[in-house]
Amino acid sequence: MLSRTADHLYWMARYTERAENLARLLDVTYRMSLLYGGMGANDPGWAAALAIMGTESGYRTKYGEVSSTGVMTYMGFDKENPSSIFRCLQSARENAHAVRGTLTSELWETLNDTWLKLRDTSPSVMTSSEAGPFLEWVKFRSHLSRGVTLGTMLQDEALWFARLGTYLERADSTARILDVQATRLLGSETPVDMAGDYYQWSALLRTISAFEVYRRVYHDRITPLRVAELVILREDMPRSLHKCLNEVTEILSRVSNRSSGETERRAGLLHATLHFGQVEEIFKQGLHEFLVHFVGRVAKLSDRIAHDFLIPQH
Amino acid sequence: MGGKLFYDEMTADAATTRAHYSELSRWLSSLEEGTLGRKRAEAELVFHRLGVTFAVYGETQGKERLIPFDPIPRILPPEEWKLLDKGLRQRVQALNAFLWDVYHGQDILRAGRIPENQVLRNLQYRPEMQGVDVPGGVYAHVAGIDLVRAGAGEFYVLEDNLRVPSGVSYMLEGRRMMMRLFPELFARYHVAPVEHYPDALLEGLRSVVPIGVTNPSVVLLTPGHFNSAYFEHAFLAQQMGIELVEGKDLFVSEERVFMRTTQGPRRVDVIYRRLDDDFLDPLAFRQDSMLGVPGLLSVYRAGRVTLANAIGTGVADDKSIYPYVPEMVRFYLGEEPILNNVPTWDLRNPEHLSHVLAHLPELVVKEVHGSGGYGMLVGPAASREEIELFRQRLLSTPEKYIAQPTLSLSTCPTYVDQGIAPRHIDLRPFVISGKEIRIVPGGLTRVALTEGSLVVNSSQGGGTKDTWVLED
């Protein structure tokens with residue numbers, strides 16, 4: 001397959017996944033700010049949301065004070081913010097458009113339709129009572145395009161590179177969400193068995209659709225240690241870091257080429273830290289340090305994949 | 001205008017429907033009111049969802065428009081098509097022979113049949129192509145020959161498009177749409193199929209490979225997804241099962257062209273390029289082109305890659321060369337041309353110029369290098385100011401224009417807001433030249449949707465119709 005085609009497919013999937021994670025993050029931040037213990041427009045969750053996406057300085061330059069309406073607008077519809085939901089879904093559609101001949105018509109129509117509807121949505125939706133339903137819609141459009149991808153595409157390289165984009169993006173954003181929320185709730189220390197604020201921890205789980213999963217797996221109260229274990233190490237949890245790296249290493253072995261050996265080795269090493277890791281050790285090392293290190297390694301892995309497959313210098 | 005001034009495809013006179021339209025005419029009058037409107041809306045919806053669109057130059061970037069699709073087909077009886085088919089083969093064969101000649105021995109110039117300056121000084125003549133032996137002697141692998149029917153019903157060639165003719169995807173999608181909207185009509189008529197066009201094209205491209213290549217790798221080169229015809233590029237590549245590449249996907253190494261793939265470099269043998277000559281190779285042509293492949297021309301000249309169409313075909317479809325095509329048929333094939341040319345005034349000739357200036361309100365004036373219906377004057381439909389503007393242009397730069405009589409293009413019943421009414425049409429058949437010449441029956445019928453308008457180009461608000469060639 002053409003490298004450029006693979007590149008477009010990879011970014012199409014990455015941007016779709018990113019929009020979904022943004023919607024999840026904004027949704028939970030919004031709800032928490034309204035809940036018991038939340039501080040509404042001044043809730044520290046809004047600054048945390050900006051920090052997760054690494055967009056705090058971009059925000060401050062344009063909007064100044066952190067506020068709920070500011071963050072919702074900036075991360076939802078700001079056309080100058082390359083990581084807004086608007087821009088992500090636009091980029092997903094543009095990447096799809098560039099390789100539409102490689103996509104099934106149903107997948108193209110799904111992404112195109114999402115974009116057409118988004119384009120006709122007023123940015124004011126983010127600061128109205130319709131914000132919740134809108135974010136829900138974004139999440140379900142992502143579910144739909146992933147479903148159409150799996151349900152209609154031939155199982156060949158085109159599918160593998162799209163999946164690779166999905167899982168690298170998911171690994172990155174899950175780690176960021178866990179890092180920022182956990183650091184905020186636990187402070188600099190990482191107590192192992194302190195419950196913390198039940199609502200805040202359950203909100204974190206809900207961000208990544210893991211609240212019910214947690215209950216089924218642990219049948220017990222929510223503790224930071226178990227939350228971290230679930231989100232980082234449980235490979236049966238579809239949004240966990242371990243599950244993401246399972247997929248990444250498997251896909252890399254499928255698409256392997258003459259120059260990708262080192263990339264596969266590094267993906268394998270990263271996978272091993274999750275596969276054989278223990279949550280107690282991670283807490284000993286420091287959860288924050290572990291996650292920052294992980295995000296850095298995922299970023300390097302993405303660079304290597306780009307170099308080996310997507311934009312090779314022949 | 002109106003009345004019986006024009007040849008109508010369906011009716012011979014108020015009382016008589018032509019035989020090959022009688023079944024359609026009965027069917028049309030049996031339709032319940034509103035059916036055609038509903039079907040046309042359905043077609044639009046489907047085309048939008050599929051993204052069968054084109055971008056319009058000069059409008060905001062990314063603006064995509066539908067070409068209006070008319071649900072009433074245009075029908076050609078078998079005997080008429082047979083003659084056209086024969087005439088098209090003859091004409092394209094002569095054009096390819098002419099291109100070979102002007103880039104090799106130049107016999108036709110030495111014989112004085114075409115003025116030498118007209119060819120060698122032409123901006124579209126590419127000296128880089130002199131002495132290059134293109135495989136099979138084929139230059140115009142795909143030709144879109146625009147035909148119109150005028151007067152009492154005789155056909156004329158309006159222009160030969162030999163560079164990167166487009167529109168074939170609308171022909172294919174139009175047929176698919178008609179079969180979806182009106183399957184019952186296809187039971188009443190034996191319509192010659194067109195769906196094999198992509199196969200014919202691929203076969204044609206595979207028959208003109210560089211020497212020594214047995215299992216050629218063929219690609220389609222597009223300027224990218226902002227190009228107005230991008231839909232067609234993606235569509236054809238997908239239908240042929242070949243890679244759709246952009247310039248940046250290709251590179252030249254060791255006198256060969258390669259594409260960058262996820263499994264490393266892969267050799268490319270035939271490039272069906274939908275990119276103008278000027279943009280193909282920044283080392284040889286426009287240096288600011290980001291769309292081409294540096295070094296491509298040298299590989300091409302060495303005969304290690306085939307370009308379809310070849311570089312330099314523009315010298316044969318230039319409007320100033322057009323008047324000489326019948327002469328090419330006589331010179332190279334020793335035959336009389338089957339298809340008529342439209343009488344054309346060459347404005348470099350002072351006598352022609354003064355005649356044209358005296359008759360501007362009756363004539364059509366076109367730019368020699370123009371296309372897409374831009375920069376032309378349709379005398380009978382023009383305002384006094386427009387005519388005055390063109391008079392000034394002709395006086396200052398006569399060599400940039402040609403003039404032709406205003407042809408009374410034939411009309412075909414078309415569904416418009418007021419109901420079914422006659423509208424002017426043309427026909428663009430696509431001629432594929434490889435080892436042999438292949439033509440899919442029919443082509444793209446374009447229709448001027450505005451009452452009285454003679455301009456059918458999609459960029460000027462024209463629509464399309466499905467074209468039916470009936471089988472014996």
# chains A, B, ... in the order shown; residues from 1 in each chain; ligands from 1
$ interface_residues --of "chain A" --to "chain B" --cutoff "12 Å" --atoms "only C-alpha atoms" --output "PyMOL selection string"
chain A and resi 1-7+94-114+116+157-158+160-161+252+254-260+305-314
$ residues_around --residues "His271 of chain A" --least-positions-apart "4" --cutoff "7 Å" --atoms "only C-alpha atoms" --output "ChimeraX atom specification"
/A:242,245-246,267,275
$ write_last_selection --atoms "N, CA, C and O atoms" --output "PDB file, in the first residue's frame"
ATOM      1  N   HIS A 242      -2.680  -1.626  28.564  1.00  0.00           N
ATOM      2  CA  HIS A 242      -2.222  -2.967  28.204  1.00  0.00           C
ATOM      3  C   HIS A 242      -2.922  -3.455  26.938  1.00  0.00           C
ATOM      4  O   HIS A 242      -2.288  -3.948  26.001  1.00  0.00           O
ATOM      5  N   LEU A 245      -1.591  -1.692  23.873  1.00  0.00           N
ATOM      6  CA  LEU A 245      -0.278  -2.165  23.427  1.00  0.00           C
ATOM      7  C   LEU A 245      -0.336  -3.585  22.884  1.00  0.00           C
ATOM      8  O   LEU A 245       0.444  -3.950  22.002  1.00  0.00           O
ATOM      9  N   ASN A 246      -1.267  -4.396  23.384  1.00  0.00           N
ATOM     10  CA  ASN A 246      -1.495  -5.711  22.768  1.00  0.00           C
ATOM     11  C   ASN A 246      -1.772  -5.539  21.285  1.00  0.00           C
ATOM     12  O   ASN A 246      -1.190  -6.213  20.428  1.00  0.00           O
ATOM     13  N   ALA A 267       8.293  -1.486  20.666  1.00  0.00           N
ATOM     14  CA  ALA A 267       6.886  -1.680  21.018  1.00  0.00           C
ATOM     15  C   ALA A 267       6.779  -2.894  21.942  1.00  0.00           C
ATOM     16  O   ALA A 267       6.034  -2.877  22.927  1.00  0.00           O
ATOM     17  N   HIS A 275       2.621  -5.974  30.397  1.00  0.00           N
ATOM     18  CA  HIS A 275       2.249  -7.385  30.475  1.00  0.00           C
ATOM     19  C   HIS A 275       2.738  -8.011  31.783  1.00  0.00           C
ATOM     20  O   HIS A 275       2.040  -8.799  32.404  1.00  0.00           O
TER      21      HIS A 275
END
$ select_by_dssp --residues "segment 225-438 of chain B" --states "alpha helix (DSSP H)" --output "short mmCIF file (atom, residue, chain, number, x, y, z; two decimals) with all heavy atoms, in the first residue's frame"
data_model
loop_
_atom_site.label_atom_id
_atom_site.label_comp_id
_atom_site.auth_asym_id
_atom_site.auth_seq_id
_atom_site.Cartn_x
_atom_site.Cartn_y
_atom_site.Cartn_z
N TYR B 230 -11.24 15.41 -8.84
CA TYR B 230 -10.70 14.40 -7.93
C TYR B 230 -11.62 13.20 -7.78
O TYR B 230 -11.18 12.06 -7.72
CB TYR B 230 -10.39 14.99 -6.56
CG TYR B 230 -9.87 13.96 -5.59
CD1 TYR B 230 -8.57 13.47 -5.72
CD2 TYR B 230 -10.66 13.46 -4.57
CE1 TYR B 230 -8.09 12.49 -4.86
CE2 TYR B 230 -10.19 12.49 -3.70
CZ TYR B 230 -8.90 12.01 -3.85
OH TYR B 230 -8.42 11.05 -3.01
N PHE B 231 -12.91 13.47 -7.73
CA PHE B 231 -13.84 12.35 -7.59
C PHE B 231 -13.61 11.33 -8.69
O PHE B 231 -13.54 10.13 -8.46
CB PHE B 231 -15.31 12.81 -7.62
CG PHE B 231 -16.23 11.67 -7.87
CD1 PHE B 231 -16.50 10.76 -6.85
CD2 PHE B 231 -16.76 11.42 -9.13
CE1 PHE B 231 -17.29 9.65 -7.09
CE2 PHE B 231 -17.55 10.32 -9.37
CZ PHE B 231 -17.82 9.43 -8.35
N GLU B 232 -13.46 11.84 -9.91
CA GLU B 232 -13.27 10.94 -11.05
C GLU B 232 -11.96 10.16 -10.94
O GLU B 232 -11.90 8.97 -11.26
CB GLU B 232 -13.29 11.75 -12.34
CG GLU B 232 -13.03 10.90 -13.57
CD GLU B 232 -13.58 11.53 -14.84
OE1 GLU B 232 -14.78 11.86 -14.84
OE2 GLU B 232 -12.81 11.71 -15.78
N HIS B 233 -10.92 10.82 -10.48
CA HIS B 233 -9.63 10.14 -10.34
C HIS B 233 -9.74 8.98 -9.35
O HIS B 233 -9.29 7.86 -9.62
CB HIS B 233 -8.55 11.12 -9.87
CG HIS B 233 -8.44 12.35 -10.74
ND1 HIS B 233 -7.80 13.49 -10.33
CD2 HIS B 233 -8.89 12.59 -11.99
CE1 HIS B 233 -7.86 14.38 -11.30
NE2 HIS B 233 -8.53 13.86 -12.30
N ALA B 234 -10.35 9.27 -8.20
CA ALA B 234 -10.49 8.24 -7.17
C ALA B 234 -11.38 7.11 -7.68
O ALA B 234 -11.09 5.92 -7.48
CB ALA B 234 -11.07 8.84 -5.89
N PHE B 235 -12.43 7.51 -8.37
CA PHE B 235 -13.39 6.53 -8.89
C PHE B 235 -12.72 5.58 -9.88
O PHE B 235 -12.84 4.36 -9.78
CB PHE B 235 -14.54 7.30 -9.55
CG PHE B 235 -15.55 6.43 -10.25
CD1 PHE B 235 -16.59 5.85 -9.54
CD2 PHE B 235 -15.47 6.21 -11.62
CE1 PHE B 235 -17.53 5.06 -10.18
CE2 PHE B 235 -16.40 5.43 -12.27
CZ PHE B 235 -17.43 4.85 -11.56
N LEU B 236 -12.01 6.14 -10.85
CA LEU B 236 -11.39 5.30 -11.88
C LEU B 236 -10.30 4.40 -11.29
O LEU B 236 -10.19 3.23 -11.64
CB LEU B 236 -10.79 6.16 -12.99
CG LEU B 236 -11.81 6.79 -13.96
CD1 LEU B 236 -11.11 7.71 -14.94
CD2 LEU B 236 -12.60 5.71 -14.69
N ALA B 237 -9.50 4.95 -10.38
CA ALA B 237 -8.45 4.14 -9.76
C ALA B 237 -9.07 2.96 -9.03
O ALA B 237 -8.61 1.82 -9.12
CB ALA B 237 -7.61 4.99 -8.80
N GLN B 238 -10.15 3.24 -8.31
CA GLN B 238 -10.81 2.18 -7.57
C GLN B 238 -11.40 1.14 -8.52
O GLN B 238 -11.25 -0.07 -8.32
CB GLN B 238 -11.91 2.78 -6.70
CG GLN B 238 -12.49 1.80 -5.71
CD GLN B 238 -13.57 2.45 -4.85
OE1 GLN B 238 -14.26 3.35 -5.31
NE2 GLN B 238 -13.71 1.99 -3.63
N GLN B 239 -12.06 1.60 -9.59
CA GLN B 239 -12.67 0.67 -10.54
C GLN B 239 -11.62 -0.19 -11.25
O GLN B 239 -11.88 -1.32 -11.59
CB GLN B 239 -13.49 1.44 -11.58
CG GLN B 239 -14.69 2.17 -11.01
CD GLN B 239 -15.75 1.23 -10.48
OE1 GLN B 239 -16.16 0.29 -11.16
NE2 GLN B 239 -16.18 1.43 -9.24
N MET B 240 -10.45 0.40 -11.52
CA MET B 240 -9.41 -0.37 -12.22
C MET B 240 -8.56 -1.17 -11.24
O MET B 240 -7.74 -1.98 -11.64
CB MET B 240 -8.51 0.57 -13.03
CG MET B 240 -9.21 1.19 -14.23
SD MET B 240 -8.05 2.03 -15.34
CE MET B 240 -7.81 3.59 -14.50
N LEU B 296 11.07 13.05 -13.81
CA LEU B 296 10.18 12.17 -14.57
C LEU B 296 10.45 12.24 -16.07
O LEU B 296 10.48 11.22 -16.76
CB LEU B 296 8.72 12.54 -14.26
CG LEU B 296 7.63 11.73 -14.98
CD1 LEU B 296 7.72 10.26 -14.63
CD2 LEU B 296 6.25 12.27 -14.62
N LEU B 297 10.66 13.46 -16.58
CA LEU B 297 10.82 13.61 -18.02
C LEU B 297 12.01 12.79 -18.54
O LEU B 297 11.92 12.16 -19.59
CB LEU B 297 10.99 15.09 -18.40
CG LEU B 297 11.17 15.32 -19.90
CD1 LEU B 297 9.89 15.03 -20.66
CD2 LEU B 297 11.66 16.73 -20.20
N SER B 298 13.11 12.77 -17.79
CA SER B 298 14.28 12.07 -18.31
C SER B 298 14.04 10.56 -18.35
O SER B 298 14.47 9.88 -19.28
CB SER B 298 15.53 12.44 -17.51
OG SER B 298 15.64 11.63 -16.38
N VAL B 299 13.31 10.04 -17.36
CA VAL B 299 12.97 8.61 -17.40
C VAL B 299 12.03 8.34 -18.57
O VAL B 299 12.16 7.34 -19.29
CB VAL B 299 12.28 8.16 -16.08
CG1 VAL B 299 11.96 6.69 -16.12
CG2 VAL B 299 13.17 8.49 -14.89
N TYR B 300 11.12 9.26 -18.80
CA TYR B 300 10.16 9.11 -19.88
C TYR B 300 10.85 9.12 -21.23
O TYR B 300 10.61 8.27 -22.09
CB TYR B 300 9.15 10.26 -19.78
CG TYR B 300 8.06 10.24 -20.82
CD1 TYR B 300 7.27 9.11 -20.99
CD2 TYR B 300 7.82 11.35 -21.62
CE1 TYR B 300 6.26 9.09 -21.94
CE2 TYR B 300 6.82 11.34 -22.56
CZ TYR B 300 6.04 10.21 -22.73
OH TYR B 300 5.05 10.20 -23.67
N ARG B 301 11.75 10.06 -21.39
CA ARG B 301 12.47 10.14 -22.67
C ARG B 301 13.33 8.91 -22.91
O ARG B 301 13.57 8.53 -24.04
CB ARG B 301 13.32 11.41 -22.72
CG ARG B 301 12.48 12.69 -22.97
CD ARG B 301 13.31 13.95 -22.81
NE ARG B 301 14.57 13.84 -23.52
CZ ARG B 301 14.76 14.25 -24.77
NH1 ARG B 301 13.79 14.81 -25.44
NH2 ARG B 301 15.94 14.11 -25.34
N GLY B 314 -1.03 18.47 -26.67
CA GLY B 314 -1.78 19.72 -26.81
C GLY B 314 -1.64 20.36 -28.18
O GLY B 314 -2.51 21.12 -28.62
N VAL B 315 -0.56 20.01 -28.89
CA VAL B 315 -0.36 20.64 -30.19
C VAL B 315 -1.37 20.09 -31.20
O VAL B 315 -1.59 20.69 -32.26
CB VAL B 315 1.10 20.43 -30.68
CG1 VAL B 315 1.35 18.98 -31.04
CG2 VAL B 315 1.40 21.35 -31.84
N ALA B 316 -2.01 18.98 -30.89
CA ALA B 316 -2.99 18.43 -31.83
C ALA B 316 -4.42 18.84 -31.50
O ALA B 316 -5.29 18.75 -32.35
CB ALA B 316 -2.89 16.91 -31.88
N ASP B 317 -4.68 19.27 -30.27
CA ASP B 317 -6.07 19.67 -29.98
C ASP B 317 -6.21 21.17 -29.78
O ASP B 317 -7.24 21.67 -29.38
CB ASP B 317 -6.65 18.88 -28.79
CG ASP B 317 -6.09 19.32 -27.44
OD1 ASP B 317 -5.25 20.24 -27.39
OD2 ASP B 317 -6.51 18.73 -26.43
N VAL B 325 -7.45 19.18 -39.03
CA VAL B 325 -7.62 17.75 -38.74
C VAL B 325 -8.12 16.97 -39.96
O VAL B 325 -7.61 15.88 -40.27
CB VAL B 325 -8.50 17.51 -37.50
CG1 VAL B 325 -8.69 16.02 -37.25
CG2 VAL B 325 -7.87 18.18 -36.27
N PRO B 326 -9.12 17.48 -40.72
CA PRO B 326 -9.54 16.74 -41.92
C PRO B 326 -8.38 16.49 -42.89
O PRO B 326 -8.28 15.42 -43.50
CB PRO B 326 -10.58 17.68 -42.56
CG PRO B 326 -11.10 18.49 -41.42
CD PRO B 326 -9.92 18.70 -40.51
N GLU B 327 -7.47 17.48 -42.95
CA GLU B 327 -6.29 17.33 -43.80
C GLU B 327 -5.39 16.19 -43.29
O GLU B 327 -4.79 15.45 -44.07
CB GLU B 327 -5.53 18.66 -43.81
CG GLU B 327 -4.64 18.88 -44.99
CD GLU B 327 -5.33 18.63 -46.33
OE1 GLU B 327 -6.52 18.94 -46.47
OE2 GLU B 327 -4.65 18.09 -47.22
N MET B 328 -5.32 16.06 -41.97
CA MET B 328 -4.52 14.96 -41.38
C MET B 328 -5.11 13.62 -41.81
O MET B 328 -4.38 12.68 -42.13
CB MET B 328 -4.55 15.02 -39.85
CG MET B 328 -3.92 16.26 -39.24
SD MET B 328 -4.16 16.22 -37.43
CE MET B 328 -3.83 17.93 -37.02
N PRO B 350 -6.17 38.37 -42.55
CA PRO B 350 -6.87 39.67 -42.49
C PRO B 350 -8.27 39.62 -43.12
O PRO B 350 -9.20 40.26 -42.63
CB PRO B 350 -5.96 40.61 -43.30
CG PRO B 350 -4.63 39.92 -43.35
CD PRO B 350 -4.87 38.46 -43.25
N GLU B 351 -8.42 38.82 -44.19
CA GLU B 351 -9.75 38.74 -44.81
C GLU B 351 -10.75 38.09 -43.87
O GLU B 351 -11.87 38.56 -43.71
CB GLU B 351 -9.67 37.89 -46.08
CG GLU B 351 -9.31 38.70 -47.32
CD GLU B 351 -9.10 37.77 -48.50
OE1 GLU B 351 -9.94 36.87 -48.72
OE2 GLU B 351 -8.07 37.93 -49.19
N HIS B 352 -10.29 36.98 -43.24
CA HIS B 352 -11.16 36.31 -42.27
C HIS B 352 -11.51 37.27 -41.14
O HIS B 352 -12.65 37.34 -40.71
CB HIS B 352 -10.46 35.07 -41.69
CG HIS B 352 -10.38 33.93 -42.65
ND1 HIS B 352 -10.11 32.64 -42.24
CD2 HIS B 352 -10.56 33.87 -43.98
CE1 HIS B 352 -10.10 31.85 -43.29
NE2 HIS B 352 -10.37 32.57 -44.36
N LEU B 353 -10.51 37.99 -40.67
CA LEU B 353 -10.72 38.89 -39.53
C LEU B 353 -11.78 39.93 -39.85
O LEU B 353 -12.70 40.16 -39.06
CB LEU B 353 -9.40 39.56 -39.14
CG LEU B 353 -9.50 40.52 -37.94
CD1 LEU B 353 -9.94 39.79 -36.67
CD2 LEU B 353 -8.16 41.23 -37.69
N SER B 354 -11.68 40.55 -41.02
CA SER B 354 -12.64 41.62 -41.30
C SER B 354 -14.04 41.04 -41.49
O SER B 354 -15.03 41.63 -41.07
CB SER B 354 -12.20 42.46 -42.51
OG SER B 354 -12.22 41.65 -43.67
N HIS B 355 -14.12 39.82 -42.07
CA HIS B 355 -15.43 39.18 -42.18
C HIS B 355 -16.03 38.93 -40.78
O HIS B 355 -17.20 39.23 -40.53
CB HIS B 355 -15.30 37.84 -42.92
CG HIS B 355 -16.57 37.04 -42.93
ND1 HIS B 355 -17.56 37.21 -43.86
CD2 HIS B 355 -17.03 36.08 -42.08
CE1 HIS B 355 -18.57 36.40 -43.61
NE2 HIS B 355 -18.26 35.69 -42.52
N VAL B 356 -15.18 38.42 -39.89
CA VAL B 356 -15.66 38.10 -38.55
C VAL B 356 -16.09 39.36 -37.80
O VAL B 356 -17.14 39.39 -37.17
CB VAL B 356 -14.56 37.34 -37.77
CG1 VAL B 356 -14.89 37.28 -36.28
CG2 VAL B 356 -14.41 35.93 -38.33
N LEU B 357 -15.29 40.41 -37.91
CA LEU B 357 -15.63 41.65 -37.20
C LEU B 357 -16.97 42.20 -37.68
O LEU B 357 -17.74 42.77 -36.91
CB LEU B 357 -14.52 42.69 -37.40
CG LEU B 357 -13.23 42.39 -36.62
CD1 LEU B 357 -12.13 43.39 -36.99
CD2 LEU B 357 -13.48 42.42 -35.12
N ALA B 358 -17.26 41.97 -38.96
CA ALA B 358 -18.52 42.49 -39.50
C ALA B 358 -19.71 41.64 -39.08
O ALA B 358 -20.86 42.07 -39.17
CB ALA B 358 -18.43 42.55 -41.03
N ARG B 384 -24.52 44.05 -26.20
CA ARG B 384 -23.76 44.97 -27.04
C ARG B 384 -22.35 45.20 -26.45
O ARG B 384 -21.37 45.23 -27.18
CB ARG B 384 -24.51 46.29 -27.10
CG ARG B 384 -24.25 47.12 -28.31
CD ARG B 384 -25.15 48.32 -28.26
NE ARG B 384 -26.50 47.97 -28.69
CZ ARG B 384 -27.09 48.55 -29.74
NH1 ARG B 384 -26.47 49.48 -30.41
NH2 ARG B 384 -28.31 48.21 -30.10
N GLU B 385 -22.29 45.35 -25.11
CA GLU B 385 -21.00 45.63 -24.46
C GLU B 385 -20.03 44.46 -24.63
O GLU B 385 -18.86 44.65 -24.92
CB GLU B 385 -21.19 45.90 -22.95
CG GLU B 385 -21.92 47.17 -22.60
CD GLU B 385 -23.42 47.06 -22.85
OE1 GLU B 385 -23.97 45.94 -22.75
OE2 GLU B 385 -24.04 48.10 -23.16
N GLU B 386 -20.55 43.24 -24.46
CA GLU B 386 -19.68 42.06 -24.60
C GLU B 386 -19.12 41.99 -26.01
O GLU B 386 -17.94 41.70 -26.23
CB GLU B 386 -20.47 40.78 -24.28
CG GLU B 386 -20.72 40.59 -22.79
CD GLU B 386 -21.68 39.45 -22.52
OE1 GLU B 386 -22.84 39.50 -22.97
OE2 GLU B 386 -21.25 38.48 -21.87
N ILE B 387 -19.98 42.26 -26.99
CA ILE B 387 -19.53 42.20 -28.38
C ILE B 387 -18.45 43.25 -28.63
O ILE B 387 -17.42 42.98 -29.26
CB ILE B 387 -20.73 42.39 -29.33
CG1 ILE B 387 -21.59 41.12 -29.27
CG2 ILE B 387 -20.26 42.67 -30.76
CD1 ILE B 387 -22.86 41.18 -30.10
N GLU B 388 -18.67 44.43 -28.07
CA GLU B 388 -17.68 45.52 -28.23
C GLU B 388 -16.35 45.12 -27.60
O GLU B 388 -15.28 45.33 -28.16
CB GLU B 388 -18.24 46.80 -27.56
CG GLU B 388 -17.98 48.09 -28.28
CD GLU B 388 -17.73 47.93 -29.78
OE1 GLU B 388 -18.63 47.50 -30.55
OE2 GLU B 388 -16.59 48.23 -30.18
N LEU B 389 -16.44 44.50 -26.41
CA LEU B 389 -15.24 44.05 -25.70
C LEU B 389 -14.45 43.06 -26.55
O LEU B 389 -13.23 43.18 -26.72
CB LEU B 389 -15.66 43.38 -24.38
CG LEU B 389 -14.54 42.90 -23.48
CD1 LEU B 389 -13.82 44.09 -22.84
CD2 LEU B 389 -15.09 41.99 -22.37
N PHE B 390 -15.15 42.11 -27.16
CA PHE B 390 -14.46 41.12 -28.00
C PHE B 390 -13.91 41.76 -29.27
O PHE B 390 -12.84 41.37 -29.75
CB PHE B 390 -15.39 39.94 -28.32
CG PHE B 390 -15.22 38.81 -27.34
CD1 PHE B 390 -15.87 38.85 -26.12
CD2 PHE B 390 -14.40 37.72 -27.63
CE1 PHE B 390 -15.70 37.82 -25.20
CE2 PHE B 390 -14.24 36.70 -26.72
CZ PHE B 390 -14.89 36.74 -25.51
N ARG B 391 -14.62 42.76 -29.80
CA ARG B 391 -14.12 43.43 -31.00
C ARG B 391 -12.74 44.03 -30.72
O ARG B 391 -11.80 43.88 -31.50
CB ARG B 391 -15.10 44.53 -31.42
CG ARG B 391 -14.71 45.24 -32.73
CD ARG B 391 -15.63 46.42 -33.03
NE ARG B 391 -17.04 46.05 -33.02
CZ ARG B 391 -17.65 45.44 -34.04
NH1 ARG B 391 -16.98 45.13 -35.13
NH2 ARG B 391 -18.93 45.12 -33.96
N GLN B 392 -12.62 44.67 -29.53
CA GLN B 392 -11.33 45.26 -29.16
C GLN B 392 -10.26 44.19 -29.02
O GLN B 392 -9.14 44.34 -29.49
CB GLN B 392 -11.46 46.03 -27.83
CG GLN B 392 -12.40 47.24 -27.89
CD GLN B 392 -12.09 48.14 -29.07
OE1 GLN B 392 -10.93 48.38 -29.40
NE2 GLN B 392 -13.14 48.62 -29.74
N ARG B 393 -10.63 43.08 -28.37
CA ARG B 393 -9.65 41.99 -28.18
C ARG B 393 -9.19 41.43 -29.51
O ARG B 393 -8.01 41.17 -29.71
CB ARG B 393 -10.29 40.86 -27.37
CG ARG B 393 -10.50 41.21 -25.91
CD ARG B 393 -10.99 39.98 -25.19
NE ARG B 393 -11.39 40.30 -23.83
CZ ARG B 393 -12.09 39.48 -23.06
NH1 ARG B 393 -12.46 38.30 -23.51
NH2 ARG B 393 -12.41 39.83 -21.84
N LEU B 394 -10.12 41.23 -30.44
CA LEU B 394 -9.77 40.66 -31.74
C LEU B 394 -8.86 41.59 -32.51
O LEU B 394 -7.95 41.15 -33.22
CB LEU B 394 -11.02 40.37 -32.57
CG LEU B 394 -11.97 39.31 -32.01
CD1 LEU B 394 -13.00 38.92 -33.07
CD2 LEU B 394 -11.22 38.08 -31.56
N LEU B 395 -9.09 42.90 -32.35
CA LEU B 395 -8.26 43.85 -33.07
C LEU B 395 -6.84 43.86 -32.51
O LEU B 395 -5.87 43.97 -33.25
CB LEU B 395 -8.87 45.25 -33.00
CG LEU B 395 -10.06 45.46 -33.95
CD1 LEU B 395 -10.81 46.75 -33.64
CD2 LEU B 395 -9.58 45.44 -35.41
N SER B 396 -6.72 43.73 -31.19
CA SER B 396 -5.37 43.83 -30.62
C SER B 396 -4.62 42.49 -30.65
O SER B 396 -3.42 42.46 -30.91
CB SER B 396 -5.42 44.40 -29.20
OG SER B 396 -6.16 43.56 -28.37
#
$ closest_residue --among "B:Ser166, B:Ser29, B:Thr11, B:Asn96" --to "Ser228 of chain B" --atoms "only C-alpha atoms"
B:Ser166
$ residues_around --residues "segment 129-141 of chain B" --least-positions-apart "2" --cutoff "9 Å" --atoms "only C-alpha atoms" --output "PyMOL selection string"
chain B and resi 92-93+95-97+99-100+102-105+125-127+143+162-163+201+204-205+207-211+300-303+306-313+431-435+437
$ residues_around --residues "Met290 of chain B" --least-positions-apart "5" --cutoff "8 Å" --atoms "only C-alpha atoms" --output "ChimeraX atom specification"
/B:247,279,282
$ residues_around --residues "Ala203 of chain A" --least-positions-apart "2" --cutoff "12 Å" --atoms "only C-alpha atoms" --output "number ranges by chain"
A: 24-33, 35, 38, 45, 177-178, 181-182, 185, 197-201, 205-212, 222, 227
$ residues_around --residues "segment 277-293 of chain A" --least-positions-apart "4" --cutoff "7 Å" --atoms "only C-alpha atoms" --output "list in words"
Ala175, Asp179, Thr183, Thr190, Leu225, Glu229, Thr273 and Arg297 of chain A
$ closest_residue --among "B:Gly375, B:Gly462, B:Gly151, B:Pro78" --to "Leu409 of chain B" --atoms "only C-alpha atoms"
B:Gly151
